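Text of entry13.cif, listed as mmCIF, C-alpha atoms:
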```cif
data_my_file
loop_
_atom_site.group_PDB
_atom_site.id
_atom_site.type_symbol
_atom_site.label_atom_id
_atom_site.label_comp_id
_atom_site.auth_asym_id
_atom_site.auth_seq_id
_atom_site.Cartn_x
_atom_site.Cartn_y
_atom_site.Cartn_z
ATOM 1 C CA MET P 1 223.835 6.764 164.223
ATOM 2 C CA LYS P 2 224.361 8.042 160.727
ATOM 3 C CA ARG P 3 220.827 7.044 159.777
ATOM 4 C CA ILE P 4 219.439 8.928 162.746
ATOM 5 C CA VAL P 5 221.346 12.068 161.781
ATOM 6 C CA GLU P 6 220.064 11.733 158.218
ATOM 7 C CA ALA P 7 216.533 11.260 159.480
ATOM 8 C CA GLU P 8 216.887 14.381 161.629
ATOM 9 C CA LYS P 9 218.230 16.245 158.656
ATOM 10 C CA GLU P 10 215.403 15.081 156.449
ATOM 11 C CA SER P 11 212.947 16.061 159.117
ATOM 12 C CA GLU P 12 214.542 19.459 159.419
ATOM 13 C CA GLN P 13 214.133 19.897 155.700
ATOM 14 C CA MET P 14 210.493 18.874 155.889
ATOM 15 C CA LEU P 15 209.868 21.439 158.605
ATOM 16 C CA GLU P 16 211.737 24.110 156.684
ATOM 17 C CA MET P 17 209.767 23.273 153.582
ATOM 18 C CA ALA P 18 206.471 23.526 155.473
ATOM 19 C CA LYS P 19 207.518 26.879 156.922
ATOM 20 C CA ARG P 20 208.586 28.104 153.509
ATOM 21 C CA GLU P 21 205.299 27.051 151.964
ATOM 22 C CA ILE P 22 203.337 28.874 154.627
ATOM 23 C CA SER P 23 205.582 31.906 154.331
ATOM 24 C CA GLU P 24 205.009 31.975 150.562
ATOM 25 C CA ALA P 25 201.285 31.585 151.064
ATOM 26 C CA ARG P 26 201.338 34.428 153.620
ATOM 27 C CA LYS P 27 203.219 36.630 151.226
ATOM 28 C CA ASP P 28 200.501 36.076 148.618
ATOM 29 C CA THR P 29 197.614 36.645 151.044
ATOM 30 C CA PRO P 30 197.351 40.478 150.652
ATOM 31 C CA ASN P 31 197.102 40.071 146.883
ATOM 32 C CA ARG P 32 194.460 37.373 147.200
ATOM 33 C CA ILE P 33 192.518 39.491 149.670
ATOM 34 C CA ALA P 34 192.766 42.580 147.453
ATOM 35 C CA SER P 35 191.654 40.606 144.443
ATOM 36 C CA MET P 36 188.728 39.049 146.322
ATOM 37 C CA ARG P 37 187.703 42.446 147.744
ATOM 38 C CA GLN P 38 187.932 44.045 144.338
ATOM 39 C CA GLN P 39 185.757 41.323 142.874
ATOM 40 C CA ILE P 40 183.081 41.639 145.574
ATOM 41 C CA LEU P 41 182.998 45.448 145.325
ATOM 42 C CA LEU P 42 182.992 45.308 141.546
ATOM 43 C CA GLU P 43 179.916 43.070 141.618
ATOM 44 C CA ALA P 44 178.225 45.430 144.065
ATOM 45 C CA SER P 45 179.128 48.362 141.870
ATOM 46 C CA GLU P 46 177.778 46.648 138.766
ATOM 47 C CA GLN P 47 174.550 45.833 140.604
ATOM 48 C CA ARG P 48 174.351 49.483 141.694
ATOM 49 C CA GLU P 49 174.734 50.706 138.115
ATOM 50 C CA LYS P 50 172.073 48.278 136.956
ATOM 51 C CA ALA P 51 169.701 49.240 139.762
ATOM 52 C CA LEU P 52 170.192 52.937 139.010
ATOM 53 C CA ALA P 53 169.512 52.377 135.318
ATOM 54 C CA ASP P 54 166.364 50.411 136.261
ATOM 55 C CA ALA P 55 165.316 53.225 138.587
ATOM 56 C CA GLU P 56 165.841 55.792 135.818
ATOM 57 C CA ARG P 57 163.692 53.675 133.533
ATOM 58 C CA ALA P 58 160.991 53.231 136.191
ATOM 59 C CA GLY P 59 161.072 56.961 136.937
ATOM 60 C CA ALA P 60 160.782 57.795 133.256
ATOM 61 C CA GLN P 61 157.837 55.413 132.866
ATOM 62 C CA GLU P 62 156.066 56.906 135.869
ATOM 63 C CA ALA P 63 156.837 60.417 134.600
ATOM 64 C CA GLU P 64 155.363 59.498 131.228
ATOM 65 C CA ARG P 65 152.221 58.185 132.920
ATOM 66 C CA ILE P 66 151.900 61.413 134.921
ATOM 67 C CA ALA P 67 152.466 63.509 131.790
ATOM 68 C CA LEU P 68 149.737 61.617 129.938
ATOM 69 C CA GLU P 69 147.325 61.993 132.831
ATOM 70 C CA ALA P 70 148.189 65.707 133.044
ATOM 71 C CA LYS P 71 147.584 66.111 129.327
ATOM 72 C CA ARG P 72 144.208 64.416 129.720
ATOM 73 C CA GLN P 73 143.296 66.729 132.597
ATOM 74 C CA VAL P 74 144.401 69.841 130.690
ATOM 75 C CA GLU P 75 142.392 68.715 127.672
ATOM 76 C CA SER P 76 139.352 68.159 129.867
ATOM 77 C CA LEU P 77 139.528 71.844 130.855
ATOM 78 C CA SER P 78 139.000 72.910 127.283
ATOM 79 C CA GLN P 79 136.016 70.575 127.043
ATOM 80 C CA ILE P 80 133.921 72.201 129.741
ATOM 81 C CA PRO P 81 130.321 72.208 128.487
ATOM 82 C CA LYS P 82 129.241 75.557 127.079
ATOM 83 C CA ASP P 83 126.165 75.529 129.258
ATOM 84 C CA ARG P 84 128.221 75.234 132.443
ATOM 85 C CA ARG P 85 130.475 78.016 131.227
ATOM 86 C CA ARG P 86 127.479 80.243 130.441
ATOM 87 C CA ARG P 87 126.087 79.632 133.926
ATOM 88 C CA ALA P 88 129.457 80.589 135.430
ATOM 89 C CA VAL P 89 129.429 83.864 133.482
ATOM 90 C CA GLU P 90 125.875 84.559 134.584
ATOM 91 C CA ARG P 91 126.716 83.787 138.211
ATOM 92 C CA THR P 92 129.696 86.143 138.044
ATOM 93 C CA ILE P 93 127.496 88.951 136.735
ATOM 94 C CA GLU P 94 124.838 88.176 139.314
ATOM 95 C CA LEU P 95 127.378 88.403 142.152
ATOM 96 C CA LEU P 96 128.838 91.633 140.776
ATOM 97 C CA LEU P 97 125.483 93.316 140.392
ATOM 98 C CA SER P 98 124.127 92.169 143.753
ATOM 99 C CA MET A 99 219.153 -12.620 166.495
ATOM 100 C CA GLU A 100 220.252 -9.749 168.753
ATOM 101 C CA GLU A 101 221.765 -7.975 165.751
ATOM 102 C CA TYR A 102 218.447 -8.250 163.976
ATOM 103 C CA SER A 103 216.666 -6.734 166.939
ATOM 104 C CA VAL A 104 219.006 -3.701 167.129
ATOM 105 C CA SER A 105 218.575 -3.080 163.436
ATOM 106 C CA ALA A 106 214.798 -3.303 163.699
ATOM 107 C CA ASN A 107 214.791 -0.909 166.616
ATOM 108 C CA LEU A 108 216.941 1.516 164.690
ATOM 109 C CA ASP A 109 214.561 1.319 161.737
ATOM 110 C CA ARG A 110 211.648 2.045 163.984
ATOM 111 C CA LEU A 111 213.509 4.935 165.621
ATOM 112 C CA VAL A 112 214.325 6.488 162.257
ATOM 113 C CA GLU A 113 210.757 5.936 161.131
ATOM 114 C CA ASP A 114 209.443 7.547 164.323
ATOM 115 C CA ILE A 115 211.706 10.554 163.885
ATOM 116 C CA VAL A 116 210.534 11.069 160.309
ATOM 117 C CA LYS A 117 206.906 10.416 161.216
ATOM 118 C CA GLU A 118 207.003 12.792 164.128
ATOM 119 C CA ASN A 119 208.591 15.564 162.112
ATOM 120 C CA ARG A 120 206.238 14.964 159.190
ATOM 121 C CA ALA A 121 203.394 15.428 161.630
ATOM 122 C CA LYS A 122 205.050 18.622 162.889
ATOM 123 C CA ALA A 123 205.404 19.867 159.333
ATOM 124 C CA GLU A 124 201.749 19.107 158.704
ATOM 125 C CA GLU A 125 200.843 20.908 161.897
ATOM 126 C CA ILE A 126 202.859 23.940 160.747
ATOM 127 C CA ARG A 127 201.057 23.852 157.403
ATOM 128 C CA ARG A 128 197.647 23.397 159.015
ATOM 129 C CA GLU A 129 198.160 26.212 161.510
ATOM 130 C CA GLY A 130 199.608 28.508 158.861
ATOM 131 C CA LEU A 131 196.787 27.827 156.434
ATOM 132 C CA THR A 132 194.211 28.255 159.184
ATOM 133 C CA HIS A 133 195.645 31.696 159.981
ATOM 134 C CA ILE A 134 195.703 32.628 156.325
ATOM 135 C CA GLU A 135 192.121 31.436 155.847
ATOM 136 C CA ASP A 136 191.057 33.344 158.961
ATOM 137 C CA ASP A 137 192.598 36.522 157.580
ATOM 138 C CA PHE A 138 190.989 35.857 154.218
ATOM 139 C CA SER A 139 187.650 35.128 155.811
ATOM 140 C CA LYS A 140 187.782 38.339 157.874
ATOM 141 C CA ALA A 141 188.672 40.339 154.769
ATOM 142 C CA ARG A 142 185.815 38.687 152.843
ATOM 143 C CA ASP A 143 183.351 39.507 155.633
ATOM 144 C CA GLU A 144 184.527 43.101 155.604
ATOM 145 C CA ALA A 145 184.241 43.322 151.812
ATOM 146 C CA ASN A 146 180.754 41.804 151.999
ATOM 147 C CA ARG A 147 179.774 44.354 154.635
ATOM 148 C CA ASP A 148 181.037 47.138 152.373
ATOM 149 C CA ALA A 149 179.146 45.619 149.443
ATOM 150 C CA ASP A 150 175.988 45.420 151.591
ATOM 151 C CA GLN A 151 176.430 49.083 152.440
ATOM 152 C CA ILE A 152 176.702 49.879 148.724
ATOM 153 C CA THR A 153 173.508 47.881 148.143
ATOM 154 C CA ARG A 154 171.689 49.732 150.940
ATOM 155 C CA ASN A 155 172.889 53.093 149.612
ATOM 156 C CA THR A 156 171.841 52.025 146.133
ATOM 157 C CA LYS A 157 168.279 51.431 147.323
ATOM 158 C CA THR A 158 168.182 54.953 148.749
ATOM 159 C CA GLU A 159 169.728 56.367 145.567
ATOM 160 C CA CYS A 160 167.200 54.492 143.409
ATOM 161 C CA ASN A 161 164.278 55.772 145.469
ATOM 162 C CA ALA A 162 165.689 59.282 145.142
ATOM 163 C CA VAL A 163 166.048 58.886 141.367
ATOM 164 C CA VAL A 164 162.422 57.749 140.980
ATOM 165 C CA ASN A 165 161.083 60.341 143.423
ATOM 166 C CA ARG A 166 163.009 63.173 141.763
ATOM 167 C CA ARG A 167 161.716 62.251 138.339
ATOM 168 C CA VAL A 168 158.135 61.795 139.544
ATOM 169 C CA SER A 169 158.218 64.973 141.561
ATOM 170 C CA GLN A 170 159.554 67.015 138.616
ATOM 171 C CA GLU A 171 156.833 65.664 136.338
ATOM 172 C CA LYS A 172 154.109 66.225 138.922
ATOM 173 C CA GLN A 173 155.262 69.802 139.363
ATOM 174 C CA LYS A 174 155.290 70.316 135.603
ATOM 175 C CA ALA A 175 151.841 68.759 135.290
ATOM 176 C CA ARG A 176 150.466 70.868 138.129
ATOM 177 C CA LEU A 177 151.856 74.024 136.549
ATOM 178 C CA ALA A 178 150.379 73.152 133.148
ATOM 179 C CA TYR A 179 147.011 72.383 134.736
ATOM 180 C CA LEU A 180 146.983 75.615 136.747
ATOM 181 C CA THR A 181 148.014 77.653 133.703
ATOM 182 C CA GLU A 182 145.174 76.170 131.670
ATOM 183 C CA LYS A 183 142.754 76.583 134.563
ATOM 184 C CA ASN A 184 143.719 80.259 134.908
ATOM 185 C CA LYS A 185 143.219 80.675 131.181
ATOM 186 C CA VAL A 186 139.692 79.304 131.467
ATOM 187 C CA LEU A 187 138.989 81.544 134.478
ATOM 188 C CA ASP A 188 140.371 84.580 132.654
ATOM 189 C CA ASP A 189 138.177 83.773 129.649
ATOM 190 C CA VAL A 190 135.085 83.557 131.837
ATOM 191 C CA MET A 191 135.976 86.821 133.585
ATOM 192 C CA ARG A 192 136.545 88.525 130.239
ATOM 193 C CA GLU A 193 133.229 87.200 128.954
ATOM 194 C CA ALA A 194 131.511 88.490 132.092
ATOM 195 C CA GLU A 195 133.136 91.898 131.629
ATOM 196 C CA THR A 196 131.953 92.037 128.022
ATOM 197 C CA LYS A 197 128.435 91.162 129.148
ATOM 198 C CA LEU A 198 128.649 93.857 131.820
ATOM 199 C CA VAL A 199 129.492 96.453 129.169
ATOM 200 C CA GLU A 200 126.388 95.316 127.264
ATOM 201 C CA PHE A 201 124.397 95.423 130.490
ATOM 202 C CA CYS A 202 125.489 99.023 131.143
ATOM 203 C CA ARG A 203 124.351 100.041 127.673
ATOM 204 C CA ASP A 204 120.848 98.755 128.385
ATOM 205 C CA GLY A 205 119.351 101.690 130.288
ATOM 206 C CA THR A 206 116.330 99.793 131.565
ATOM 207 C CA ARG A 207 118.395 97.126 133.254
ATOM 208 C CA TYR A 208 121.332 99.330 134.198
ATOM 209 C CA ARG A 209 119.528 102.243 135.897
ATOM 210 C CA PRO A 210 118.437 100.260 139.012
ATOM 211 C CA PHE A 211 122.018 99.057 139.474
ATOM 212 C CA LEU A 212 123.414 102.569 139.107
ATOM 213 C CA LEU A 213 120.823 103.854 141.543
ATOM 214 C CA LYS A 214 121.766 101.185 144.067
ATOM 215 C CA SER A 215 125.472 102.043 143.650
ATOM 216 C CA ILE A 216 124.810 105.731 144.292
ATOM 217 C CA VAL A 217 122.632 104.962 147.338
ATOM 218 C CA ARG A 218 125.351 102.696 148.731
ATOM 219 C CA GLY A 219 127.923 105.473 148.275
ATOM 220 C CA MET A 220 125.671 108.115 149.812
ATOM 221 C CA GLU A 221 124.983 105.957 152.843
ATOM 222 C CA ALA A 222 128.652 105.261 153.322
ATOM 223 C CA ILE A 223 129.640 108.952 153.318
ATOM 224 C CA PRO A 224 128.714 110.477 156.656
ATOM 225 C CA SER A 225 128.629 114.105 155.407
ATOM 226 C CA GLN A 226 125.453 116.025 154.614
ATOM 227 C CA LYS A 227 126.496 117.132 151.157
ATOM 228 C CA VAL A 228 127.803 114.614 148.645
ATOM 229 C CA LYS A 229 129.073 114.724 145.108
ATOM 230 C CA VAL A 230 128.356 111.901 142.642
ATOM 231 C CA ALA A 231 130.692 111.204 139.752
ATOM 232 C CA LEU A 232 129.628 109.092 136.770
ATOM 233 C CA SER A 233 131.138 107.909 133.513
ATOM 234 C CA GLU A 234 130.927 110.218 130.522
ATOM 235 C CA ALA A 235 128.183 108.097 128.951
ATOM 236 C CA ASP A 236 126.183 108.029 132.182
ATOM 237 C CA LEU A 237 126.629 111.767 132.644
ATOM 238 C CA ARG A 238 125.165 112.361 129.200
ATOM 239 C CA ARG A 239 122.373 109.893 129.798
ATOM 240 C CA TYR A 240 121.344 110.907 133.332
ATOM 241 C CA ARG A 241 122.364 114.578 133.671
ATOM 242 C CA ASP A 242 118.827 115.832 133.242
ATOM 243 C CA SER A 243 117.068 112.871 134.779
ATOM 244 C CA LYS A 244 115.859 112.443 138.340
ATOM 245 C CA LEU A 245 118.621 109.948 139.167
ATOM 246 C CA LEU A 246 119.985 111.771 142.193
ATOM 247 C CA GLU A 247 116.530 112.656 143.527
ATOM 248 C CA ASP A 248 115.552 108.991 143.287
ATOM 249 C CA ALA A 249 118.744 107.981 145.030
ATOM 250 C CA LEU A 250 118.248 110.508 147.831
ATOM 251 C CA ALA A 251 114.676 109.329 148.226
ATOM 252 C CA LYS A 252 115.931 105.790 148.686
ATOM 253 C CA THR A 253 118.399 106.838 151.384
ATOM 254 C CA GLN A 254 115.576 108.475 153.333
ATOM 255 C CA THR A 255 117.882 111.199 154.637
ATOM 256 C CA THR A 256 118.046 114.958 154.375
ATOM 257 C CA LYS A 257 121.308 114.802 152.474
ATOM 258 C CA THR A 258 121.881 116.835 149.359
ATOM 259 C CA ALA A 259 123.721 115.614 146.310
ATOM 260 C CA VAL A 260 125.156 117.114 143.169
ATOM 261 C CA LEU A 261 126.501 115.515 140.006
ATOM 262 C CA SER A 262 130.165 116.087 139.372
ATOM 263 C CA ASP A 263 130.974 117.640 136.021
ATOM 264 C CA LYS A 264 134.149 115.623 135.849
ATOM 265 C CA PRO A 265 133.453 112.205 134.302
ATOM 266 C CA ILE A 266 135.224 109.129 135.678
ATOM 267 C CA GLU A 267 136.723 106.207 133.780
ATOM 268 C CA THR A 268 134.382 103.309 134.442
ATOM 269 C CA THR A 269 132.151 100.803 132.732
ATOM 270 C CA GLY A 270 129.364 101.486 135.184
ATOM 271 C CA GLY A 271 128.558 102.561 138.709
ATOM 272 C CA ALA A 272 129.492 105.734 140.535
ATOM 273 C CA VAL A 273 132.056 107.325 142.813
ATOM 274 C CA VAL A 274 130.542 109.263 145.695
ATOM 275 C CA THR A 275 132.626 111.830 147.606
ATOM 276 C CA SER A 276 131.970 114.221 150.443
ATOM 277 C CA GLN A 277 131.528 117.831 149.363
ATOM 278 C CA ASP A 278 135.041 118.741 150.609
ATOM 279 C CA GLY A 279 136.505 115.713 148.853
ATOM 280 C CA THR A 280 138.046 114.188 151.978
ATOM 281 C CA MET A 281 135.940 111.022 151.807
ATOM 282 C CA ARG A 282 135.466 108.890 148.759
ATOM 283 C CA VAL A 283 133.500 105.715 148.136
ATOM 284 C CA ASP A 284 134.148 103.861 144.906
ATOM 285 C CA CYS A 285 130.994 102.040 143.822
ATOM 286 C CA THR A 286 132.056 101.345 140.258
ATOM 287 C CA LEU A 287 131.921 97.910 138.683
ATOM 288 C CA GLU A 288 135.709 97.852 138.435
ATOM 289 C CA ALA A 289 136.087 98.472 142.158
ATOM 290 C CA LYS A 290 133.552 95.807 142.953
ATOM 291 C CA LEU A 291 135.255 93.414 140.598
ATOM 292 C CA GLU A 292 138.576 94.027 142.293
ATOM 293 C CA LEU A 293 137.036 93.661 145.722
ATOM 294 C CA MET A 294 135.223 90.445 144.878
ATOM 295 C CA LYS A 295 137.845 88.903 142.600
ATOM 296 C CA THR A 296 138.862 86.144 145.012
ATOM 297 C CA GLN A 297 135.269 85.256 145.781
ATOM 298 C CA LEU A 298 134.329 85.347 142.107
ATOM 299 C CA LEU A 299 137.218 83.137 141.058
ATOM 300 C CA ALA A 300 136.369 80.648 143.790
ATOM 301 C CA GLU A 301 132.742 80.609 142.713
ATOM 302 C CA ILE A 302 133.608 80.176 139.044
ATOM 303 C CA SER A 303 136.124 77.444 139.887
ATOM 304 C CA LYS A 304 133.511 75.624 141.928
ATOM 305 C CA MET A 305 131.043 75.772 139.080
ATOM 306 C CA LEU A 306 133.486 74.845 136.334
ATOM 307 C CA PHE A 307 135.957 72.442 137.875
ATOM 308 C CA ALA A 308 134.156 70.697 140.726
ATOM 309 C CA SER A 309 133.754 67.092 139.720
#
```
What would you get if you wrote out this structure as structure tokens?
Amino acid sequence: MKRIVEAEKESEQMLEMAKREISEARKDTPNRIASMRQQILLEASEQREKALADAERAGAQEAERIALEAKRQVESLSQIPKDRRRRAVERTIELLLS
Amino acid sequence: MEEYSVSANLDRLVEDIVKENRAKAEEIRREGLTHIEDDFSKARDEANRDADQITRNTKTECNAVVNRRVSQEKQKARLAYLTEKNKVLDDVMREAETKLVEFCRDGTRYRPFLLKSIVRGMEAIPSQKVKVALSEADLRRYRDSKLLEDALAKTQTTKTAVLSDKPIETTGGAVVTSQDGTMRVDCTLEAKLELMKTQLLAEISKMLFAS
């Protein structure tokens, strides 16, 4: 009889221990979740920063290309052949005097 | 023998009790951990959803960053191009104006134009008597010539015309008014230039910039 009581007692302790373990684990869950969430969002945030920096770089490169092309176009305006320019002047006069 | 059997049964009973409760303890642990893992898994899914949203927003932000930069540069480039283009157009217009001044000094070439301007003004004024105003240089040059007679002859009307003593500020051409001054037709080069400016600029642009 004594052995049965002891076995019951031991069992009770085992159950209590299991409950305690789970209770401890539960208590720690919010911290684990917060830490995991923070980690995931931190990674996303780091990727965002990197992507934005890449976008800035890509935008700057494209802007530089546009600026170069614009410069080329502006320069081409000052290289209009004199003959074409003379004909434009003549046409203007012709229209005005008509 | 019987004593041995009771003892063995007792051992088994104790063992069963411990085994059963160990299983219960394991079940408690398993269930508890499952709940905890479920909660953790739900929280992870939610965090991943939030991270995905950040990623989606980032794509939009990145597109906006590139578009803003490109759009600013395009605008700047367009402005620079238009400024330079206007400069070229202005130069051509100025050159044309200079040539027109030279043209007006050349009496042989200028007289037919002036005559045409006066005729146009005379025809536009519906009154019988008209007054023709010229620049100071033209007044000096044509005062005693048959300019008005030639103009009237071209209109083929019975109108009469007199030269105004008051000179007008113009490179060339004439201003024709009715005798009472209520009607006025500006046939000067400046007026024509102003009137035709849009057409002229379009024509020059077509000739200079069309590829």
What's around A:Thr255 at 10 Å? Count all atoms listed in the file, leave out sequence neighbours fewer than 6 positions away in its own chain, and write the answer as a ChimeraX atom specification.
/A:220-221,226
Output C-alpha atoms for every residue in the selection just made, as a compact mmCIF listing (two decimals), in the frame of the given file.
```txt
# COMPACT_ATOMS: atom_id res chain seq x y z
CA MET A 220 125.67 108.12 149.81
CA GLU A 221 124.98 105.96 152.84
CA GLN A 226 125.45 116.02 154.61
```
Residues of chain A near chain P: apply a cut-off of 7 Å, count all atoms listed in the file, and supply the list as a PDB file with C-alpha atoms, in the coordinates of the input.
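Ended up saving to out08.pdb:
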```
ATOM      1  CA  VAL A 112     214.325   6.488 162.257  1.00  0.00           C
ATOM      2  CA  ILE A 115     211.706  10.554 163.885  1.00  0.00           C
ATOM      3  CA  VAL A 116     210.534  11.069 160.309  1.00  0.00           C
ATOM      4  CA  ASN A 119     208.591  15.564 162.112  1.00  0.00           C
ATOM      5  CA  ARG A 120     206.238  14.964 159.190  1.00  0.00           C
ATOM      6  CA  ALA A 123     205.404  19.867 159.333  1.00  0.00           C
ATOM      7  CA  ILE A 126     202.859  23.940 160.747  1.00  0.00           C
ATOM      8  CA  ARG A 127     201.057  23.852 157.403  1.00  0.00           C
ATOM      9  CA  GLY A 130     199.608  28.508 158.861  1.00  0.00           C
ATOM     10  CA  LEU A 131     196.787  27.827 156.434  1.00  0.00           C
ATOM     11  CA  ILE A 134     195.703  32.628 156.325  1.00  0.00           C
ATOM     12  CA  PHE A 138     190.989  35.857 154.218  1.00  0.00           C
ATOM     13  CA  ALA A 141     188.672  40.339 154.769  1.00  0.00           C
ATOM     14  CA  ARG A 142     185.815  38.687 152.843  1.00  0.00           C
ATOM     15  CA  ALA A 145     184.241  43.322 151.812  1.00  0.00           C
ATOM     16  CA  ASN A 146     180.754  41.804 151.999  1.00  0.00           C
ATOM     17  CA  ALA A 149     179.146  45.619 149.443  1.00  0.00           C
ATOM     18  CA  ILE A 152     176.702  49.879 148.724  1.00  0.00           C
ATOM     19  CA  THR A 153     173.508  47.881 148.143  1.00  0.00           C
ATOM     20  CA  THR A 156     171.841  52.025 146.133  1.00  0.00           C
ATOM     21  CA  CYS A 160     167.200  54.492 143.409  1.00  0.00           C
ATOM     22  CA  VAL A 163     166.048  58.886 141.367  1.00  0.00           C
ATOM     23  CA  VAL A 164     162.422  57.749 140.980  1.00  0.00           C
ATOM     24  CA  ARG A 167     161.716  62.251 138.339  1.00  0.00           C
ATOM     25  CA  VAL A 168     158.135  61.795 139.544  1.00  0.00           C
ATOM     26  CA  GLU A 171     156.833  65.664 136.338  1.00  0.00           C
ATOM     27  CA  LYS A 172     154.109  66.225 138.922  1.00  0.00           C
ATOM     28  CA  ALA A 175     151.841  68.759 135.290  1.00  0.00           C
ATOM     29  CA  TYR A 179     147.011  72.383 134.736  1.00  0.00           C
ATOM     30  CA  GLU A 182     145.174  76.170 131.670  1.00  0.00           C
ATOM     31  CA  LYS A 183     142.754  76.583 134.563  1.00  0.00           C
ATOM     32  CA  VAL A 190     135.085  83.557 131.837  1.00  0.00           C
ATOM     33  CA  GLU A 193     133.229  87.200 128.954  1.00  0.00           C
ATOM     34  CA  ALA A 194     131.511  88.490 132.092  1.00  0.00           C
ATOM     35  CA  PHE A 211     122.018  99.057 139.474  1.00  0.00           C
ATOM     36  CA  LYS A 290     133.552  95.807 142.953  1.00  0.00           C
ATOM     37  CA  LEU A 291     135.255  93.414 140.598  1.00  0.00           C
ATOM     38  CA  LEU A 298     134.329  85.347 142.107  1.00  0.00           C
ATOM     39  CA  ILE A 302     133.608  80.176 139.044  1.00  0.00           C
ATOM     40  CA  MET A 305     131.043  75.772 139.080  1.00  0.00           C
ATOM     41  CA  LEU A 306     133.486  74.845 136.334  1.00  0.00           C
TER      42      LEU A 306
END
```
Please indicate the distance in Å from atom CA of A:Gly219 to atom CA of A:Cys285, rounded to one decimal place.
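Atom CA of A:Cys285 lies at a distance of 6.4 Å from atom CA of A:Gly219.
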Given 5 Å on each side, where is the centre and what are the edge lengths in Å to one decimal of the axis-aligned box enclosing the listed atoms of stretch 32-49 of chain P, as JSON?
```
{"center_x": 184.4, "center_y": 44.0, "center_z": 143.9, "size_x": 30.1, "size_y": 23.3, "size_z": 21.6}
```
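In this model, the gap between atom CA of A:Glu195 and atom CA of A:Arg282 comes to 24.2 Å.
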Write out as a PyMOL selection string each polymer residue whose atoms come within 12 Å of A:Pro210, counting all atoms listed in the file; drop sequence neighbours fewer than 4 positions from it.
(chain P and resi 97-98) or (chain A and resi 201-202+204-206+214-217+245+248-249+252+270-271)
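Between atom CA of A:Leu232 and atom CA of A:Ile266 the separation is 5.7 Å.
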Which of these residues is nearest to A:Gly279, using all atoms listed in the file: A:Thr181, A:Thr256, A:Ser225, A:Ser139?
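Using all atoms listed in the file, A:Gly279 sits closest to A:Ser225.
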